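Right, one structure below, let's go through it.
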Amino acid sequence: MPANASQLIKVPEGVQVTIDGMLVSVTGPKGKISRDFAHTMLKLSMNNGEILIEAPRKGKRFNAMVGTLAAHLKNMFKGVSDGHVYNMKVIYAHFPITVKVAGKNVLIENFMGERSKRVANIVGNSKVTVQGEELTIVGIDKEEVGQTAANIHRAAHVKKMDPRVFQDGVYLSERR
C-alpha cells in the first residue's frame, strides 16, 4: 500500500524561511515574500534547513497539490535570491508604437494609429523599464511579474483582425 504524498525541499544558502501554521515567509538578499497556503489542506514542517510537505490522504489530487506547493516554494526561493526578469519586445509594421511608464501604469501610444492611449496595470512591486523597443519587467514575486507582462500584452492586443496579418503588439521574448 503506497504512502501518502510527500516531498522534501532543501532551502538554498542565503535564504531564511519561517513557517507559522500555513503562512510561509521567505527572506533573501532581494527582499521578502509571504504567502498563505491554508487552502491546500497540506502539512508543512521545517527541519534542518529542509521543508517537508505532506498530504493528509492518498490520491492524485493530493499528489498534484504537493508538487504545486513545492513549485511555489521554489519560485519564492528564486525570487528572493535572484529575482524574476521578463523581457518584452514592441513589434509594429506601420505606425510606430510608443511605450511609457507612468506611475503604476504602462501607457501604449499610437497603437495601430489610434489617438487614445492604451493602459496596462503594473501589479504589486514589479518594476517596468523601457529602452527603445524593449521592455524589462523585474520583481521578486513571479506571479506579479507574469501578471504585469500579461496585462501589457493584453492591452496591445489586436481585436477583430487576423493576427497572422496584423502582428502589431507587445510580445514576451524572454523569461529569466
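Lettering and numbering for the C-alpha cells are positional, with chains as A, B, ... in the shown order, residues counted from 1 in each chain, and ligands counted from 1 in the shown order.
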
Requested in this report: Enumerate, as a PyMOL selection string, the complete set of residues in region 65-118 of chain A that a backbone-based DSSP assignment places in strand (DSSP E).
Outcome: chain A and resi 84-91+98-102+105-109+118

With C-alpha atoms retained, write the just-selected residues as a PDB file, in the first residue's frame.
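Output (again_29.pdb):
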ATOM      1  CA  HIS A  84      12.390  37.151 -11.865  1.00  0.00           C
ATOM      2  CA  VAL A  85      13.027  39.023 -15.133  1.00  0.00           C
ATOM      3  CA  TYR A  86      10.699  39.102 -18.157  1.00  0.00           C
ATOM      4  CA  ASN A  87      11.757  40.799 -21.400  1.00  0.00           C
ATOM      5  CA  MET A  88       9.151  42.014 -23.882  1.00  0.00           C
ATOM      6  CA  LYS A  89       9.525  43.437 -27.385  1.00  0.00           C
ATOM      7  CA  VAL A  90       7.390  46.062 -29.149  1.00  0.00           C
ATOM      8  CA  ILE A  91       6.517  44.970 -32.693  1.00  0.00           C
ATOM      9  CA  THR A  98       5.430  54.463 -28.112  1.00  0.00           C
ATOM     10  CA  VAL A  99       5.549  52.814 -24.672  1.00  0.00           C
ATOM     11  CA  LYS A 100       5.943  54.848 -21.454  1.00  0.00           C
ATOM     12  CA  VAL A 101       5.754  54.086 -17.736  1.00  0.00           C
ATOM     13  CA  ALA A 102       3.582  56.468 -15.695  1.00  0.00           C
ATOM     14  CA  ASN A 105       0.634  52.066 -15.355  1.00  0.00           C
ATOM     15  CA  VAL A 106       2.242  51.370 -18.708  1.00  0.00           C
ATOM     16  CA  LEU A 107       0.939  53.655 -21.477  1.00  0.00           C
ATOM     17  CA  ILE A 108       0.918  52.338 -25.047  1.00  0.00           C
ATOM     18  CA  GLU A 109       0.516  55.215 -27.512  1.00  0.00           C
ATOM     19  CA  ARG A 118      -3.960  52.010 -24.071  1.00  0.00           C
TER      20      ARG A 118
END

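Non-sequential neighbours of Tyr171 (chain A) (distance at most 12 Å, separation of 4 or more positions within a chain, only C-alpha atoms) are A:Tyr86, A:Asn87, A:Met88, A:Lys89, A:Val90, A:Ile91, A:Tyr92, A:Glu133, A:Glu134, A:Leu135, A:Thr136, A:Ala149, A:Ala150, A:Asn151, A:Ile152, A:His153, A:Arg154, A:Ala155, A:Ala156, A:His157, A:Gln167, A:Arg175.
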
Query raised in the report: Within 12 Å of Val15 (chain A), counting only C-alpha atoms, which residues qualify if same-chain residues fewer than 5 places away don't, as an NGL selection string?
Result: :A and (10 or 25-33 or 49-50 or 73-74 or 76-82)

Requested in this report: DSSP on the backbone, then: every residue of chain A marked alpha helix (DSSP H), written as a PyMOL selection string.
Outcome: chain A and resi 60-81+142-155

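Minimum atom-to-atom distances from A:Ala93, A:Ala55, A:Met22, A:Ala38 to Ser6 (chain A) were compared using only C-alpha atoms, and the lowest value belongs to A:Ala55.
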
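Excluding Glu54 (chain A) itself and same-chain residues fewer than 2 positions from it, the residues having an atom within 12 Å of it are A:Ala3, A:Asn4, A:Ala5, A:Ser6, A:Gln7, A:Leu8, A:Ile9, A:Thr40, A:Met41, A:Leu42, A:Lys43, A:Leu44, A:Ser45, A:Met46, A:Ile51, A:Leu52, A:Pro56, A:Arg57, A:Lys58, A:Phe62, A:Asn63, A:Ala64, A:Met65, A:Val66, A:Gly67, A:Leu69, A:Ala70, counting only C-alpha atoms.
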